[in-house]
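Student: To start, I am sharing the structure in question, which I have written as structure tokens.
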Amino acid sequence: MGKILIVTAIAGVLLAFLGERYMTFRTKLMASRDIISNHLPNCVYIKGLEYGSEDLTILPGGLALISTGLKYPNLRRLSDDPGKIYALNLEEGNLKPVELKISRGFDLDSFFPHGISTFIDEKDQTVYLFVVNHPDFKSTVEIFRFVEEDSSLTHLKTIEHELLHSVNDIVAVGPESFYATNDHYFTNALFSVEYMIGLALCNVVYYSPEEVREAAAGFYSANGINISPDKKHLYVGDVFDHVVHVLEIQENKTLVPLKKVDVGTLPDNIEVDSVTGDLWLGCHPNAWRLLRYDPENPPGSEVIQIQNIHSEKPTVTKVYVDDGHVIEGSSVATPYKGKLFIGTMYQKAIICDLK
């Protein structure tokens, strides 16, 4: 009888713990948030980007490079085709994406791009494109040379490392060096338990041919990453903590946390205005809808702008909000000459006039 009481008590405690964790997990996903649309004027879909535009980066001169075709566990996909990289000239009125040809020898069938970043060599103006890839749901970083004249990518190198085990996003700091975020610790089914329990096991990794090291740790799910215009600070979005971390780059390439800014939503990729230093983020206002897709109640989209992030009181502004009936699952946003480009994880992309 005593043993039965003990087992019952333990089961009761376990169930209570799991129930509390479940409710906490729903809170982290903002599962109960009602999404009230707040649109921008003159939004139009960009034809040719129907299967996602998970990340992008804009080169000097207005040419945007866009990753599409993300394949990620437990998330919706509208196509089983391999991913692609597109170029979109934001200076042109017709906004026609051009698929970039990838050099022979690269395995196109296992190309499922995630975060991207560019590095421009100041000596010869060579543009290096870094792409997070997930062949067979693993993580690699692919380095390409972008040749604008013939709209092509020359594959230079594939990087794999045990510290780069669940890479989400990347920011290049040299021709072969970068910082990358890991969005979960476990690489098997346990990563769902990791999220449910709420373990802060994720990190940022610095990679160069000379050394690979953990640069910062203690994130629930490190997602978007980018660098300040003066190259002194990194910004990291923690999607489950609803914050953007500000970290200072040290001489030894480690990162010292300075502050974190509450954004009131689930932040995805981060773009930085090279002139103002403002941060622009594609966000998920209710991520529960991403994990439990319902066409009658689709996942929404949200874009925020953070101004004066290094001040005592940064300004966080909701620039665009949609309940999912215009655009689903926004993952990136960036302004360009009075326009706002909004990309998504798996669906369409739009461009709007900024008010």
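Here, A, B, ... name the chains of the structure tokens in the order displayed, residue numbers run from 1 inside each chain, and ligands are numbered from 1 in the same displayed order.
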For the strand (DSSP E) assignment from backbone DSSP, which residues of region 68-212 of chain A qualify? Please present them as a ChimeraX atom specification.

Tutor: /A:68,84-89,98-99,101-102,113-120,127-133,140-147,152-159,167-172,178-182,202-207,212

Student: Quick one: residues within 12 Å of Lys355 (chain A), only C-alpha atoms counted, chain neighbours fewer than 2 positions away excluded, as a list of chain:residue names?

Tutor: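 That gives A:Asn38, A:His39, A:Leu40, A:Pro41, A:Asn42, A:Cys43, A:Val319, A:Tyr320, A:Pro335, A:Lys337, A:Gly338, A:Lys339, A:Leu340, A:Cys352, A:Asp353.
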
Student: Name the residues in contact with Lys138 (chain A) at a cut-off of 9 Å, using only C-alpha atoms, excluding same-chain residues fewer than 3 positions from it; report them as a PyMOL selection string.

Tutor: chain A and resi 133-135+165-167+187

Student: Ranking A:Leu108, A:Leu78, A:His325, A:Ala64 by minimum distance to Leu90 (chain A) and counting only C-alpha atoms, which one comes first?

Tutor: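 Looking only at the distances to Leu90 (chain A), the closest residue turns out to be A:Ala64.
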
Student: What's around Gly83 (chain A) at 9 Å? Count only C-alpha atoms, leave out sequence neighbours fewer than 6 positions away in its own chain, and write the answer as a list of chain:residue names.

Tutor: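 Listing them by chain and then by number gives A:Tyr51, A:Ser67, A:Thr68, A:Gly69, A:Leu70, A:Lys71, A:Leu108, A:Asp109, A:Ser110, A:Phe111, A:Phe112, A:Pro113.
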
Student: Taking N, CA and C atoms for each residue, export the selection above as a short mmCIF file (atom, residue, chain, number, x, y, z; two decimals), in the first residue's frame.

Tutor:
data_model
loop_
_atom_site.label_atom_id
_atom_site.label_comp_id
_atom_site.auth_asym_id
_atom_site.auth_seq_id
_atom_site.Cartn_x
_atom_site.Cartn_y
_atom_site.Cartn_z
N TYR A 51 7.44 29.95 -52.59
CA TYR A 51 7.79 28.86 -51.68
C TYR A 51 8.78 29.30 -50.61
N SER A 67 17.12 33.63 -49.91
CA SER A 67 17.11 32.16 -49.80
C SER A 67 15.67 31.67 -49.78
N THR A 68 15.41 30.57 -50.45
CA THR A 68 14.07 30.01 -50.51
C THR A 68 14.16 28.49 -50.52
N GLY A 69 13.12 27.84 -49.98
CA GLY A 69 13.08 26.38 -49.98
C GLY A 69 13.55 25.76 -48.67
N LEU A 70 13.36 26.44 -47.55
CA LEU A 70 13.77 25.90 -46.26
C LEU A 70 13.04 24.59 -45.96
N LYS A 71 13.78 23.61 -45.50
CA LYS A 71 13.21 22.32 -45.07
C LYS A 71 13.64 22.11 -43.63
N LEU A 108 22.82 19.91 -55.68
CA LEU A 108 21.63 20.74 -55.66
C LEU A 108 20.45 20.03 -55.00
N ASP A 109 20.41 18.70 -55.08
CA ASP A 109 19.28 17.95 -54.53
C ASP A 109 19.20 18.01 -53.01
N SER A 110 20.31 18.33 -52.36
CA SER A 110 20.32 18.41 -50.89
C SER A 110 20.50 19.84 -50.41
N PHE A 111 20.07 20.78 -51.25
CA PHE A 111 20.24 22.19 -50.91
C PHE A 111 18.92 22.73 -50.34
N PHE A 112 18.92 23.00 -49.03
CA PHE A 112 17.75 23.54 -48.35
C PHE A 112 18.20 24.72 -47.48
N PRO A 113 18.36 25.89 -48.09
CA PRO A 113 18.99 27.03 -47.42
C PRO A 113 18.14 27.63 -46.32
#

Student: List the spatial neighbours of Ser152 (chain A) as JSON, numbers by chain - criterion: any atom at most 8 Å away, only C-alpha atoms, same-chain residues fewer than 4 positions off excluded.

Tutor: {"A": [100, 101, 102, 103, 146, 147, 148]}

Student: Go ahead and dump the residues you just picked, N, CA, C and O atoms, as a PDB file, in the first residue's frame.

Tutor:
ATOM      1  N   LEU A 100      19.737  32.218 -59.250  1.00  0.00           N
ATOM      2  CA  LEU A 100      21.176  32.186 -59.469  1.00  0.00           C
ATOM      3  C   LEU A 100      21.632  30.772 -59.806  1.00  0.00           C
ATOM      4  O   LEU A 100      21.287  29.821 -59.103  1.00  0.00           O
ATOM      5  N   LYS A 101      22.392  30.651 -60.882  1.00  0.00           N
ATOM      6  CA  LYS A 101      22.942  29.357 -61.276  1.00  0.00           C
ATOM      7  C   LYS A 101      24.076  28.990 -60.326  1.00  0.00           C
ATOM      8  O   LYS A 101      24.934  29.821 -60.016  1.00  0.00           O
ATOM      9  N   ILE A 102      24.088  27.748 -59.865  1.00  0.00           N
ATOM     10  CA  ILE A 102      25.132  27.274 -58.959  1.00  0.00           C
ATOM     11  C   ILE A 102      26.090  26.376 -59.721  1.00  0.00           C
ATOM     12  O   ILE A 102      25.673  25.531 -60.530  1.00  0.00           O
ATOM     13  N   SER A 103      27.369  26.530 -59.469  1.00  0.00           N
ATOM     14  CA  SER A 103      28.406  25.846 -60.231  1.00  0.00           C
ATOM     15  C   SER A 103      28.287  24.328 -60.147  1.00  0.00           C
ATOM     16  O   SER A 103      27.742  23.774 -59.187  1.00  0.00           O
ATOM     17  N   PHE A 146      29.756  35.147 -55.409  1.00  0.00           N
ATOM     18  CA  PHE A 146      28.663  35.657 -56.232  1.00  0.00           C
ATOM     19  C   PHE A 146      29.219  36.415 -57.427  1.00  0.00           C
ATOM     20  O   PHE A 146      30.028  37.327 -57.273  1.00  0.00           O
ATOM     21  N   VAL A 147      28.771  36.028 -58.628  1.00  0.00           N
ATOM     22  CA  VAL A 147      29.187  36.682 -59.863  1.00  0.00           C
ATOM     23  C   VAL A 147      27.961  37.359 -60.449  1.00  0.00           C
ATOM     24  O   VAL A 147      27.094  36.715 -61.051  1.00  0.00           O
ATOM     25  N   GLU A 148      27.863  38.656 -60.254  1.00  0.00           N
ATOM     26  CA  GLU A 148      26.655  39.376 -60.656  1.00  0.00           C
ATOM     27  C   GLU A 148      26.490  39.403 -62.169  1.00  0.00           C
ATOM     28  O   GLU A 148      25.355  39.343 -62.671  1.00  0.00           O
TER      29      GLU A 148
END

Student: Kindly indicate which residue among A:Pro97, A:Pro285, A:Pro82, A:Gly277 lies nearest to Lys28 (chain A), using only C-alpha atoms for the distances.

Tutor: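 Checking each of A:Pro97, A:Pro285, A:Pro82, A:Gly277 against Lys28 (chain A), counting only C-alpha atoms, the winner is A:Pro285.
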
Student: Using only C-alpha atoms, which of the listed residues (A:Tyr235, A:Phe240, A:Tyr336, A:Tyr72) sits closest to Thr57 (chain A)?

Tutor: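 Using only C-alpha atoms, the shortest distance to Thr57 (chain A) belongs to A:Tyr336.
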
Student: Show which residues sit within 10 Å of Phe106 (chain A), as a VMD selection string. Count only C-alpha atoms, and ignore same-chain residues fewer than 6 positions away.

Tutor: chain A and resid 142 154 to 158

Student: With only C-alpha atoms as the atoms that count, which of A:Trp288, A:Tyr128, A:Phe25, A:Trp280 lies nearest to Ile306 (chain A)?

Tutor: A:Trp280

Student: So which one's closest to Cys202 (chain A), A:Thr8, A:Asn182, A:Ser311, A:Ser274? Using only C-alpha atoms, please.

Tutor: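 Nearest candidate to Cys202 (chain A) out of A:Thr8, A:Asn182, A:Ser311, A:Ser274: A:Asn182.
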